[in-house]
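Trainee: Below is the file start19.txt, which contains compact mmCIF, C-alpha atoms and all ligand atoms.
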```
# COMPACT_ATOMS: atom_id res chain seq x y z
CA MET A 420 -204.93 7.03 139.50
CA SER A 421 -203.71 9.97 141.57
CA CYS A 422 -200.07 10.81 142.10
CA GLU A 423 -200.38 9.73 145.72
CA ASP A 424 -201.93 6.37 144.80
CA MET A 425 -199.14 5.76 142.35
CA ALA A 426 -196.48 6.48 144.94
CA ALA A 427 -198.27 4.20 147.39
CA GLU A 428 -198.32 1.45 144.80
CA VAL A 429 -194.58 1.43 144.44
CA GLY A 430 -194.27 1.54 148.21
CA ARG A 431 -193.00 5.04 148.81
CA LYS A 432 -194.52 8.25 150.00
CA PRO A 433 -193.93 11.34 147.88
CA GLN A 434 -191.46 13.74 149.41
CA PHE A 435 -192.76 17.25 149.92
CA TYR A 436 -190.85 20.51 149.83
CA MET A 437 -191.17 24.18 150.70
CA CYS A 438 -190.48 27.11 148.39
CA SER A 439 -187.50 29.20 149.48
CA CYS A 440 -189.76 32.28 149.48
CA PHE A 441 -191.02 31.05 152.86
CA THR A 442 -188.17 32.91 154.54
CA THR A 443 -188.54 36.14 152.53
CA ASN A 444 -192.16 36.67 151.44
CA ASN A 445 -195.51 37.34 153.04
CA ILE A 446 -194.18 38.53 156.36
CA PHE A 447 -197.14 40.05 158.14
CA LEU A 448 -196.63 43.32 160.04
CA ASP A 449 -199.40 43.20 162.61
CA ASP A 450 -199.20 46.87 163.58
CA TYR A 451 -199.64 48.06 160.00
CA LYS A 452 -201.75 45.15 158.66
CA LEU A 453 -199.28 44.80 155.82
CA HIS A 454 -197.68 41.78 154.17
CA VAL A 455 -194.09 42.48 153.12
CA ARG A 456 -191.17 40.86 151.36
CA PHE A 457 -187.74 41.18 152.91
CA VAL A 458 -184.56 40.27 151.06
CA SER A 459 -182.29 43.08 152.27
CA GLU A 460 -182.67 46.34 154.17
CA HIS A 461 -181.98 48.24 150.97
CA GLN A 462 -184.72 46.42 149.02
CA PHE A 463 -187.12 46.72 151.95
CA ARG A 464 -186.62 50.49 152.28
CA LEU A 465 -187.15 51.03 148.56
CA ASP A 466 -190.25 48.85 148.43
CA TYR A 467 -192.04 49.83 151.63
CA GLN A 468 -190.79 53.00 153.29
CA THR A 469 -193.32 55.31 151.62
CA GLN A 470 -196.20 52.93 152.29
CA LEU A 471 -195.17 52.40 155.91
CA THR A 472 -194.92 56.15 156.50
CA ARG A 473 -198.43 56.54 155.12
CA LEU A 474 -199.59 53.86 157.55
CA GLY A 475 -198.15 55.69 160.55
CA CYS A 476 -194.62 54.35 160.83
CA VAL A 477 -192.99 57.77 161.04
CA THR A 478 -190.21 57.74 163.64
CA ASP A 479 -186.83 56.03 163.38
CA GLN A 480 -187.73 53.98 166.41
CA GLN A 481 -190.91 52.70 164.80
CA TYR A 482 -188.95 51.78 161.68
CA GLU A 483 -186.33 49.94 163.77
CA GLU A 484 -189.13 48.04 165.51
CA VAL A 485 -190.44 46.93 162.15
CA LEU A 486 -187.00 45.67 161.12
CA ASP A 487 -186.62 43.90 164.43
CA LYS A 488 -189.97 42.12 164.02
CA ILE A 489 -189.04 41.05 160.51
CA HIS A 490 -185.68 39.62 161.64
CA LYS A 491 -187.38 37.70 164.44
CA GLU A 492 -190.00 36.31 162.06
CA VAL A 493 -187.37 35.29 159.50
CA ASP A 494 -185.41 33.48 162.25
CA ARG A 495 -188.58 31.75 163.43
CA ARG A 496 -189.29 30.53 159.90
CA ARG A 497 -185.71 29.36 159.35
CA GLN A 498 -185.87 27.23 162.49
CA LEU A 499 -189.47 26.15 162.09
CA CYS A 500 -188.84 22.74 160.60
CA VAL A 501 -186.58 21.58 163.44
CA VAL A 502 -188.50 23.33 166.21
CA SER A 503 -191.84 21.97 165.00
CA ALA A 504 -190.54 18.38 164.79
CA ASP A 505 -189.17 18.75 168.34
CA ARG A 506 -192.51 20.03 169.61
CA ALA A 507 -194.40 17.17 167.93
CA ALA A 508 -192.04 14.65 169.55
CA VAL A 509 -192.47 16.17 173.02
CA ILE A 510 -196.27 16.28 172.60
CA GLN A 511 -196.33 12.63 171.58
CA ARG A 512 -194.20 11.64 174.55
CA THR A 513 -195.80 13.73 177.26
CA TYR A 514 -199.31 14.83 176.37
CA ARG A 515 -202.24 12.65 177.49
CA PRO A 516 -205.36 13.39 175.41
CA LEU A 517 -208.69 13.91 177.13
CA HIS A 518 -210.64 12.33 174.23
CA PRO A 519 -208.24 9.98 172.39
CA HIS A 520 -210.97 8.84 169.98
CA VAL A 521 -211.28 12.26 168.28
CA TYR A 522 -207.86 11.71 166.68
CA HIS A 523 -209.29 8.98 164.44
CA LEU A 524 -211.90 9.94 161.91
CA GLN A 525 -215.16 8.01 162.22
CA GLU A 526 -218.18 8.24 159.94
CA ALA A 527 -220.25 8.97 163.04
CA PHE A 528 -218.48 12.36 163.36
CA LEU A 529 -219.81 13.44 159.98
CA THR A 530 -223.26 14.79 159.15
CA PRO A 531 -225.67 12.72 157.01
CA GLN A 532 -225.67 15.62 154.50
CA LEU A 533 -221.90 15.38 154.00
CA LYS A 534 -222.10 11.61 153.59
CA GLN A 535 -224.84 12.02 151.00
CA ILE A 536 -222.85 14.68 149.10
CA VAL A 537 -219.74 12.50 149.06
CA GLU A 538 -221.66 9.41 147.99
CA TYR A 539 -223.08 11.38 145.08
CA CYS A 540 -219.64 12.73 144.10
CA ARG A 541 -218.20 9.21 144.10
CA SER A 542 -220.91 7.89 141.78
CA SER A 543 -219.93 7.42 138.16
CA SER A 544 -222.62 9.78 136.81
CA ALA A 545 -221.74 12.66 139.16
CA ASP A 546 -221.33 16.12 137.69
CA LYS A 547 -221.10 19.66 139.03
CA GLU A 548 -224.73 20.51 138.27
CA GLY A 549 -225.99 17.48 140.18
CA LEU A 550 -223.74 18.32 143.10
CA MET A 551 -224.95 21.92 143.21
CA GLU A 552 -228.46 20.64 143.86
CA LEU A 553 -227.24 19.04 147.08
CA LEU A 554 -225.38 22.14 148.29
CA GLU A 555 -226.81 25.24 149.85
CA GLU A 556 -226.89 28.40 147.75
CA GLU A 557 -223.41 29.81 146.92
CA PRO A 558 -222.90 32.56 149.55
CA ALA A 559 -220.15 34.19 147.41
CA PRO A 560 -218.82 33.27 143.95
CA ARG A 561 -217.51 29.68 144.07
CA VAL A 562 -217.78 29.55 147.86
CA TYR A 563 -219.82 26.52 148.93
CA ARG A 564 -221.45 25.71 152.23
CA PHE A 565 -222.47 22.34 153.69
CA PRO A 566 -222.79 20.76 157.14
CA VAL A 567 -219.60 18.84 157.97
CA PHE A 568 -219.39 17.68 161.59
CA GLN A 569 -222.04 16.63 164.08
CA LYS A 570 -222.49 19.13 166.89
CA SER A 571 -221.43 16.56 169.51
CA PHE A 572 -218.16 15.99 167.67
CA CYS A 573 -217.47 19.75 167.45
CA GLU A 574 -217.91 19.97 171.21
CA GLU A 575 -215.62 17.05 171.96
CA LEU A 576 -212.97 18.37 169.62
CA MET A 577 -213.02 21.78 171.31
CA GLU A 578 -212.81 20.11 174.73
CA GLU A 579 -209.79 18.18 173.53
CA LEU A 580 -208.15 21.33 172.17
CA GLU A 581 -208.84 23.27 175.36
CA HIS A 582 -207.34 20.43 177.35
CA PHE A 583 -204.25 20.64 175.17
CA GLU A 584 -204.09 24.43 175.53
CA GLN A 585 -204.21 24.10 179.31
CA SER A 586 -201.52 21.44 179.38
CA SER A 587 -197.83 22.21 179.67
CA ALA A 588 -197.14 20.75 176.22
CA PRO A 589 -195.24 23.04 173.80
CA LYS A 590 -197.43 24.92 171.32
CA GLY A 591 -196.72 26.26 167.85
CA ARG A 592 -198.97 28.77 166.14
CA PRO A 593 -200.37 28.27 162.61
CA ASN A 594 -199.04 31.51 161.10
CA THR A 595 -198.15 35.09 161.94
CA MET A 596 -201.73 36.25 161.60
CA ASN A 597 -203.32 33.91 164.16
CA HIS A 598 -201.86 34.25 167.64
CA TYR A 599 -204.11 31.72 169.34
CA GLY A 600 -204.48 28.88 166.87
CA ILE A 601 -203.37 25.26 167.22
CA LEU A 602 -201.35 23.33 164.66
CA LEU A 603 -203.11 20.01 164.18
CA ASN A 604 -200.13 18.15 162.69
CA GLU A 605 -198.02 18.76 165.81
CA LEU A 606 -200.84 17.44 167.93
CA GLY A 607 -201.04 14.23 165.87
CA PHE A 608 -204.23 14.76 163.86
CA ASP A 609 -202.79 14.30 160.37
CA GLU A 610 -202.55 10.59 159.85
CA GLY A 611 -205.72 9.34 161.50
CA PHE A 612 -208.02 12.28 160.89
CA ILE A 613 -207.14 15.01 158.38
CA THR A 614 -205.58 12.80 155.70
CA PRO A 615 -208.52 10.36 155.54
CA LEU A 616 -210.98 13.28 155.68
CA ARG A 617 -209.22 14.93 152.75
CA GLU A 618 -208.76 11.78 150.69
CA HIS A 619 -212.07 10.00 151.20
CA TYR A 620 -214.53 12.82 151.75
CA LEU A 621 -213.22 16.20 150.56
CA HIS A 622 -211.31 15.19 147.44
CA PRO A 623 -214.37 13.77 145.63
CA VAL A 624 -216.17 17.08 146.27
CA THR A 625 -213.30 19.43 145.33
CA SER A 626 -212.69 17.38 142.17
CA LEU A 627 -216.09 18.42 140.88
CA LEU A 628 -216.07 21.98 142.22
CA TYR A 629 -212.52 23.12 141.49
CA PRO A 630 -210.94 21.02 138.70
CA ASP A 631 -209.41 24.25 137.34
CA CYS A 632 -207.40 25.04 140.49
CA GLY A 633 -206.06 21.72 141.69
CA GLY A 634 -209.24 20.42 143.32
CA CYS A 635 -208.92 17.17 141.42
CA CYS A 636 -205.37 16.36 142.52
CA LEU A 637 -205.04 17.36 146.16
CA ASP A 638 -202.18 15.43 147.74
CA SER A 639 -201.28 17.23 150.99
CA HIS A 640 -202.57 19.79 153.45
CA LYS A 641 -201.85 22.00 156.43
CA ALA A 642 -204.57 21.91 159.07
CA PHE A 643 -205.02 24.11 162.11
CA VAL A 644 -207.63 25.54 164.42
CA VAL A 645 -208.14 29.27 164.83
CA LYS A 646 -209.60 30.75 167.97
CA TYR A 647 -211.04 34.23 168.51
CA ASP A 648 -211.93 35.54 171.95
CA MET A 649 -212.82 38.95 173.37
CA ASN A 650 -209.45 39.19 175.13
CA GLU A 651 -207.40 37.64 172.35
CA ASP A 652 -207.57 37.90 168.52
CA LEU A 653 -210.89 39.34 167.40
CA ASP A 654 -210.49 39.35 163.64
CA LEU A 655 -208.24 38.35 160.78
CA SER A 656 -206.82 40.67 158.12
CA TYR A 657 -207.52 40.30 154.42
CA HIS A 658 -205.31 37.61 152.90
CA TYR A 659 -205.11 34.59 150.64
CA ASP A 660 -204.18 31.11 151.82
CA ASN A 661 -201.14 29.01 150.98
CA ALA A 662 -203.55 26.45 149.55
CA GLU A 663 -205.31 25.44 146.37
CA VAL A 664 -208.61 24.78 148.16
CA THR A 665 -209.53 25.63 151.77
CA LEU A 666 -212.16 24.11 154.01
CA ASN A 667 -213.17 26.25 157.00
CA VAL A 668 -215.56 24.60 159.48
CA SER A 669 -217.18 26.48 162.35
CA LEU A 670 -216.90 24.43 165.56
CA GLY A 671 -218.53 26.87 167.99
CA LYS A 672 -218.63 27.92 170.73
CA GLU A 673 -221.08 30.78 171.01
CA PHE A 674 -220.23 34.05 169.32
CA THR A 675 -221.74 37.13 167.74
CA ASP A 676 -220.50 38.59 164.43
CA GLY A 677 -217.11 37.45 163.13
CA ASN A 678 -218.34 36.94 159.56
CA LEU A 679 -215.92 36.09 156.81
CA TYR A 680 -215.71 38.47 153.84
CA PHE A 681 -214.63 37.43 150.38
CA GLY A 682 -213.24 39.75 147.71
CA ASP A 683 -211.78 38.62 144.41
CA MET A 684 -208.96 36.33 143.37
CA ARG A 685 -205.57 37.63 144.49
CA GLN A 686 -204.64 38.72 140.93
CA VAL A 687 -207.42 41.34 140.90
CA PRO A 688 -206.47 44.80 142.27
CA VAL A 689 -208.08 45.54 145.64
CA CYS A 690 -209.50 48.84 144.36
CA GLU A 691 -211.61 46.88 141.84
CA THR A 692 -212.89 44.50 144.48
CA GLU A 693 -216.26 44.35 146.15
CA CYS A 694 -216.54 42.12 149.19
CA THR A 695 -219.34 39.77 150.16
CA GLU A 696 -219.94 38.81 153.79
CA VAL A 697 -220.46 35.15 154.63
CA GLU A 698 -221.75 34.01 157.98
CA HIS A 699 -220.17 31.22 160.02
CA LYS A 700 -222.72 28.66 161.15
CA VAL A 701 -221.67 26.14 163.77
CA THR A 702 -221.05 22.63 162.30
CA GLU A 703 -221.03 23.99 158.72
CA GLY A 704 -218.04 24.18 156.41
CA LEU A 705 -217.19 26.79 153.79
CA LEU A 706 -215.16 25.58 150.86
CA HIS A 707 -213.27 28.16 148.80
CA ARG A 708 -210.30 28.58 146.52
CA GLY A 709 -207.13 29.32 148.48
CA GLN A 710 -206.33 32.26 146.22
CA HIS A 711 -209.73 33.82 146.79
CA MET A 712 -208.94 36.82 149.02
CA HIS A 713 -210.77 36.85 152.34
CA GLY A 714 -210.66 38.06 155.92
CA ALA A 715 -212.66 37.75 159.12
CA LEU A 716 -214.59 40.59 160.80
CA PRO A 717 -214.27 41.03 164.57
CA ILE A 718 -216.44 39.03 166.91
CA SER A 719 -218.36 41.22 169.35
CA PHE A 720 -219.16 38.55 171.90
CA GLY A 721 -218.09 35.06 172.93
CA GLN A 722 -215.52 32.70 171.52
CA ARG A 723 -215.20 31.45 167.95
CA TRP A 724 -213.31 28.27 167.02
CA ASN A 725 -212.86 27.10 163.42
CA ILE A 726 -210.93 24.24 161.90
CA ILE A 727 -209.08 25.31 158.76
CA ILE A 728 -207.73 22.81 156.23
CA TRP A 729 -205.46 24.30 153.59
CA MET A 730 -205.48 21.63 150.90
CA ARG A 731 -202.69 21.51 148.38
CA ALA A 732 -202.16 20.02 144.92
CA SER A 733 -198.50 19.56 144.07
CA GLN A 734 -199.31 19.34 140.36
CA GLU A 735 -200.69 22.85 140.51
CA ARG A 736 -198.22 24.52 142.87
CA ASN A 737 -195.15 22.94 141.27
CA LYS A 738 -195.91 25.17 138.27
CA LEU A 739 -196.21 28.38 140.27
CA CYS A 740 -195.71 29.02 143.97
CA PRO A 741 -198.87 30.82 145.09
CA MET A 742 -196.93 32.80 147.68
CA CYS A 743 -194.21 34.33 145.45
CA ASN A 744 -195.87 33.82 142.09
CA LYS A 745 -192.72 32.28 140.64
CA SER A 746 -191.59 28.81 139.74
CA PRO A 747 -190.90 27.34 143.21
CA CYS A 748 -187.33 27.09 144.41
CA LEU A 749 -187.49 23.88 146.42
CA VAL A 750 -186.03 23.47 149.87
CA GLU A 751 -186.45 20.44 152.09
CA GLY A 752 -189.13 20.42 154.75
CA ASP A 753 -190.74 17.99 157.15
CA GLY A 754 -193.89 15.95 156.50
CA PHE A 755 -196.11 17.65 153.95
CA ALA A 756 -193.88 20.77 154.13
CA ASP A 757 -195.61 23.31 151.84
CA GLY A 758 -196.88 20.70 149.42
CA PHE A 759 -194.38 21.01 146.54
CA THR A 760 -192.87 17.89 144.96
CA LYS A 761 -189.83 17.40 142.78
CA HIS A 762 -191.33 15.81 139.76
CA GLU A 763 -194.20 16.92 137.63
CA ALA A 764 -196.89 14.24 137.77
CA PRO A 765 -196.40 11.55 135.11
CA LEU A 766 -198.29 12.15 131.88
CA ASN A 767 -200.77 9.33 132.43
CA THR A 768 -202.00 10.79 135.72
CA SER A 769 -205.64 11.64 135.24
CA CYS A 770 -207.92 13.76 137.31
CA ALA A 771 -210.60 11.08 137.30
CA LEU A 772 -211.93 10.05 140.69
CA ALA A 773 -210.38 6.88 142.01
O1 LIG A 801 -211.33 33.07 160.90
C1 LIG A 801 -211.69 32.42 159.94
O2 LIG A 801 -212.75 31.82 159.91
C2 LIG A 801 -210.82 32.38 158.71
C3 LIG A 801 -209.44 31.88 158.96
C4 LIG A 801 -208.61 31.93 157.72
O3 LIG A 801 -208.99 32.42 156.72
C5 LIG A 801 -207.26 31.33 157.72
O4 LIG A 801 -206.77 30.97 158.80
O5 LIG A 801 -206.68 31.18 156.63
FE FE A 802 -207.58 32.13 155.14
```
Kindly transcribe the structure held in the file into structure tokens.
Ligand SMILES: O=C(O)CCC(=O)C(=O)O
Ligand SMILES: [Fe+2]
Mentor:
Amino acid sequence: MSCEDMAAEVGRKPQFYMCSCFTTNNIFLDDYKLHVRFVSEHQFRLDYQTQLTRLGCVTDQQYEEVLDKIHKEVDRRRQLCVVSADRAAVIQRTYRPLHPHVYHLQEAFLTPQLKQIVEYCRSSSADKEGLMELLEEEPAPRVYRFPVFQKSFCEELMEELEHFEQSSAPKGRPNTMNHYGILLNELGFDEGFITPLREHYLHPVTSLLYPDCGGCCLDSHKAFVVKYDMNEDLDLSYHYDNAEVTLNVSLGKEFTDGNLYFGDMRQVPVCETECTEVEHKVTEGLLHRGQHMHGALPISFGQRWNIIIWMRASQERNKLCPMCNKSPCLVEGDGFADGFTKHEAPLNTSCALA
């Protein structure tokens, strides 16, 4: 029985937390394509001044601009919990969806191939080798590809998201790297769509593919849509996700280039890394470990929309926060927060499929 099932049985939902490093670590400096940690000006100068100078931050004014951006980002993160809950409440009260049915997962949205894969994974004799026979060839080490959504569903979902974008509803952005994404929890996709997709369809698959990195005990997620357009974001810098396992599904529309590239796990030095390019194919999902470093090359034409589900396993992240690499220092958050929980899973929790 999973941790989540157990909590459900005793009639309570697990409470999720953030790690306090959220307000100090992994602050992305767009202009220099650099992730930094900021605890104090003194620490920041010691840790980054030489590197920033090498990257072209040479005048006092440029340095002040960097500090200003960091302070703004830290403030945004400190207020995020309250601001995000406010936005979700306003959206729920005022926004009228164009396609209300896309908020509730239906089997008809999914491809026959995904249903077949999941049915196999749920069977008692399932093993990784058998599953691999149903998947397409691994495009990069431990990156797996399979068709996820029907084309018609991808189109309706994008229409719904465009309708939301054009509405006057308040919008939050997924992270500092994507300027044009949409947070699916604020829009109301978690309960009826992403949670059942994760629990009933993705979890059986990740249990077989990634038992060594939390794939067998996923219990929360953060889901968002990223959008690339010729006049907006074109690409995404090299990074790792705040996730144990990530699903990235290409929704459309029409685009040229914009491949993903995968390097090594985040613990491996970049200078020892060779990257492999992986193409996005509309309707298909790429499943990868969250700590597997990756980025997205620029599109050269059109518009690219992808749904990203960062799936989390509290059992795994409670041991080590993937963002600061330390034992997490828990702070309260809303909803799934960043997927940490207070108690280690009880000893009798097994990773067997329910
Ligand atoms: O643009 C993409 O397809 C990748 C997005 C991504 O890696 C992320 O948002 O974490
Ligand atoms: Fe990512």
Trainee: One decimal, Å: what's the distance from CA of Gly549 in chain A over to CA of Pro623 in chain A, could you say?
Mentor: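 Here the two named atoms are 13.4 Å from each other.
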Trainee: Got a sec to check which residues sit within 12 Å of (-184.3, 42.7, 151.3), counting all atoms listed in the file, and write them as a PyMOL selection string?
Mentor: chain A and resi 440+442-444+446+455-467+486+489-490+493
Trainee: Could you list, as a VMD selection string, every residue within 7 Å of range 692-696 of chain A, counting only C-alpha atoms and ignoring same-chain residues fewer than 3 positions away?
Mentor: chain A and resid 559 678 to 683 688 to 689
Trainee: Here is a test: counting all atoms listed in the file, which residue of A:Gly611, A:Gly677, A:Pro560, A:Pro531 is nearest to ligand LIG 801 (chain A)?
Mentor: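 Counting all atoms listed in the file, the residue closest to ligand LIG 801 (chain A) is A:Gly677.
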Trainee: Return as a tab-separated table the residues of chain A lying at most 10 Å from ligand FE 802 (chain A), together with the closest atom-to-atom pair for each and the distance in Å to one decimal, counting all atoms listed in the file, with rows in chain order and ascending residue number.
Mentor:
```
residue	atom	partner	partner_atom	distance
A:Met596	CA	A:FE802	FE	9.6
A:Leu655	CA	A:FE802	FE	8.4
A:Ser656	CA	A:FE802	FE	9.1
A:Tyr657	CA	A:FE802	FE	8.2
A:His658	CA	A:FE802	FE	6.3
A:Tyr659	CA	A:FE802	FE	5.7
A:Asp660	CA	A:FE802	FE	4.9
A:Asn661	CA	A:FE802	FE	8.3
A:Ala662	CA	A:FE802	FE	8.9
A:Thr665	CA	A:FE802	FE	7.6
A:Leu666	CA	A:FE802	FE	9.3
A:Asn667	CA	A:FE802	FE	8.3
A:Leu679	CA	A:FE802	FE	9.4
A:His707	CA	A:FE802	FE	9.4
A:Arg708	CA	A:FE802	FE	9.7
A:Gly709	CA	A:FE802	FE	7.2
A:Gln710	CA	A:FE802	FE	9.0
A:His711	CA	A:FE802	FE	8.8
A:Met712	CA	A:FE802	FE	7.8
A:His713	CA	A:FE802	FE	6.3
A:Gly714	CA	A:FE802	FE	6.7
A:Ala715	CA	A:FE802	FE	8.6
A:Ile727	CA	A:FE802	FE	7.9
A:Ile728	CA	A:FE802	FE	9.4
A:Trp729	CA	A:FE802	FE	8.3
```
Trainee: Nearest to ligand LIG 801 (chain A) among A:Asp654, A:Glu663, A:Glu691, A:Glu751, with distances taken over only C-alpha atoms and all ligand atoms: which residue is it?
Mentor: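 Looking at the shortest contact to ligand LIG 801 (chain A), the residue is A:Asp654.
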Trainee: Between CA of Cys476 in chain A and CA of Lys488 in chain A, what distance in Å does the model show, to one decimal?
Mentor: 13.5 Å
Trainee: Would you compute the distance between CA of Ser544 in chain A and CA of Val567 in chain A? Give it in Å to one decimal.
Mentor: 23.2 Å
Trainee: Could you give me, as number ranges by chain, the residues within 12 Å of Val644 in chain A, counting only C-alpha atoms and dropping anything in the same chain fewer than 2 positions from it?
Mentor: A: 573, 576-577, 579-581, 584, 591-594, 597-606, 608, 641-642, 646-647, 666-671, 723-729
Trainee: So that I have them on file, write out the residues from the current selection with C-alpha atoms, as a PDB file, keeping the file's coordinate frame.
Mentor:
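Final output, out18.pdb:
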```
ATOM      1  CA  CYS A 573    -217.470  19.750 167.450  1.00  0.00           C
ATOM      2  CA  LEU A 576    -212.970  18.370 169.620  1.00  0.00           C
ATOM      3  CA  MET A 577    -213.020  21.780 171.310  1.00  0.00           C
ATOM      4  CA  GLU A 579    -209.790  18.180 173.530  1.00  0.00           C
ATOM      5  CA  LEU A 580    -208.150  21.330 172.170  1.00  0.00           C
ATOM      6  CA  GLU A 581    -208.840  23.270 175.360  1.00  0.00           C
ATOM      7  CA  GLU A 584    -204.090  24.430 175.530  1.00  0.00           C
ATOM      8  CA  GLY A 591    -196.720  26.260 167.850  1.00  0.00           C
ATOM      9  CA  ARG A 592    -198.970  28.770 166.140  1.00  0.00           C
ATOM     10  CA  PRO A 593    -200.370  28.270 162.610  1.00  0.00           C
ATOM     11  CA  ASN A 594    -199.040  31.510 161.100  1.00  0.00           C
ATOM     12  CA  ASN A 597    -203.320  33.910 164.160  1.00  0.00           C
ATOM     13  CA  HIS A 598    -201.860  34.250 167.640  1.00  0.00           C
ATOM     14  CA  TYR A 599    -204.110  31.720 169.340  1.00  0.00           C
ATOM     15  CA  GLY A 600    -204.480  28.880 166.870  1.00  0.00           C
ATOM     16  CA  ILE A 601    -203.370  25.260 167.220  1.00  0.00           C
ATOM     17  CA  LEU A 602    -201.350  23.330 164.660  1.00  0.00           C
ATOM     18  CA  LEU A 603    -203.110  20.010 164.180  1.00  0.00           C
ATOM     19  CA  ASN A 604    -200.130  18.150 162.690  1.00  0.00           C
ATOM     20  CA  GLU A 605    -198.020  18.760 165.810  1.00  0.00           C
ATOM     21  CA  LEU A 606    -200.840  17.440 167.930  1.00  0.00           C
ATOM     22  CA  PHE A 608    -204.230  14.760 163.860  1.00  0.00           C
ATOM     23  CA  LYS A 641    -201.850  22.000 156.430  1.00  0.00           C
ATOM     24  CA  ALA A 642    -204.570  21.910 159.070  1.00  0.00           C
ATOM     25  CA  LYS A 646    -209.600  30.750 167.970  1.00  0.00           C
ATOM     26  CA  TYR A 647    -211.040  34.230 168.510  1.00  0.00           C
ATOM     27  CA  LEU A 666    -212.160  24.110 154.010  1.00  0.00           C
ATOM     28  CA  ASN A 667    -213.170  26.250 157.000  1.00  0.00           C
ATOM     29  CA  VAL A 668    -215.560  24.600 159.480  1.00  0.00           C
ATOM     30  CA  SER A 669    -217.180  26.480 162.350  1.00  0.00           C
ATOM     31  CA  LEU A 670    -216.900  24.430 165.560  1.00  0.00           C
ATOM     32  CA  GLY A 671    -218.530  26.870 167.990  1.00  0.00           C
ATOM     33  CA  ARG A 723    -215.200  31.450 167.950  1.00  0.00           C
ATOM     34  CA  TRP A 724    -213.310  28.270 167.020  1.00  0.00           C
ATOM     35  CA  ASN A 725    -212.860  27.100 163.420  1.00  0.00           C
ATOM     36  CA  ILE A 726    -210.930  24.240 161.900  1.00  0.00           C
ATOM     37  CA  ILE A 727    -209.080  25.310 158.760  1.00  0.00           C
ATOM     38  CA  ILE A 728    -207.730  22.810 156.230  1.00  0.00           C
ATOM     39  CA  TRP A 729    -205.460  24.300 153.590  1.00  0.00           C
TER      40      TRP A 729
END
```
Trainee: For Glu578 in chain A, which of A:Pro741, A:Pro433, A:Gly704, A:Pro519 is the closest residue, counting all atoms listed in the file?
Mentor: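 Checking each candidate against Glu578 in chain A, we get A:Pro519 as the closest.
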Trainee: Enclose ligand LIG 801 (chain A), meaning all of its atoms listed in the file, in a box aligned along x, y and z, pad it by 5 Å on each side, and list the centre and edge lengths in Å to one decimal, as AutoDock Vina command-line options.
Mentor:
```
--center_x -209.7 --center_y 32.0 --center_z 158.8 --size_x 16.1 --size_y 12.1 --size_z 14.3
```
Trainee: For ligand LIG 801 (chain A), which residue among A:Ile718, A:Leu517, A:Met684, A:Val645 is the nearest when counting only C-alpha atoms and all ligand atoms?
Mentor: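 Going through A:Ile718, A:Leu517, A:Met684, A:Val645 one by one, the smallest distance to ligand LIG 801 (chain A) is for A:Val645.
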Trainee: Pick out the closest residue to Leu706 in chain A from this set: A:Asn650, A:Thr625, A:Thr478, A:Gln686. Count all atoms listed in the file.
Mentor: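 Nearest candidate to Leu706 in chain A out of A:Asn650, A:Thr625, A:Thr478, A:Gln686: A:Thr625.
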Trainee: Find, counting only C-alpha atoms and all ligand atoms, the residue in A:Val701, A:Val502, A:Cys740, A:Val477 that gets nearest to ligand LIG 801 (chain A).
Mentor: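 Once distances to ligand LIG 801 (chain A) are computed over only C-alpha atoms and all ligand atoms, the minimum belongs to A:Val701.
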Trainee: If I only have part of range 713-722 of chain A, can you fill in N, CA and C atoms and write it as a short mmCIF file (atom, residue, chain, number, x, y, z; two decimals), in the frame of the given file?
Mentor:
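The new file out34.cif reads:
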```cif
data_model
loop_
_atom_site.label_atom_id
_atom_site.label_comp_id
_atom_site.auth_asym_id
_atom_site.auth_seq_id
_atom_site.Cartn_x
_atom_site.Cartn_y
_atom_site.Cartn_z
N HIS A 713 -209.73 36.83 151.31
CA HIS A 713 -210.77 36.85 152.34
C HIS A 713 -210.19 37.33 153.66
N GLY A 714 -211.07 37.66 154.57
CA GLY A 714 -210.66 38.06 155.92
C GLY A 714 -211.81 37.75 156.86
N ALA A 715 -211.60 38.01 158.15
CA ALA A 715 -212.66 37.75 159.12
C ALA A 715 -212.92 39.02 159.92
N LEU A 716 -214.20 39.40 160.02
CA LEU A 716 -214.59 40.59 160.80
C LEU A 716 -214.51 40.27 162.29
N PRO A 717 -214.40 41.30 163.13
CA PRO A 717 -214.27 41.03 164.57
C PRO A 717 -215.52 40.41 165.17
N ILE A 718 -215.30 39.51 166.12
CA ILE A 718 -216.44 39.03 166.91
C ILE A 718 -216.77 40.14 167.91
N SER A 719 -218.02 40.19 168.36
CA SER A 719 -218.36 41.22 169.35
C SER A 719 -218.78 40.58 170.67
N PHE A 720 -218.82 39.26 170.67
CA PHE A 720 -219.16 38.55 171.90
C PHE A 720 -218.71 37.10 171.77
N GLY A 721 -218.30 36.50 172.88
CA GLY A 721 -218.09 35.06 172.93
C GLY A 721 -216.74 34.58 172.43
N GLN A 722 -216.75 33.37 171.95
CA GLN A 722 -215.52 32.70 171.52
C GLN A 722 -215.83 31.95 170.23
#
```
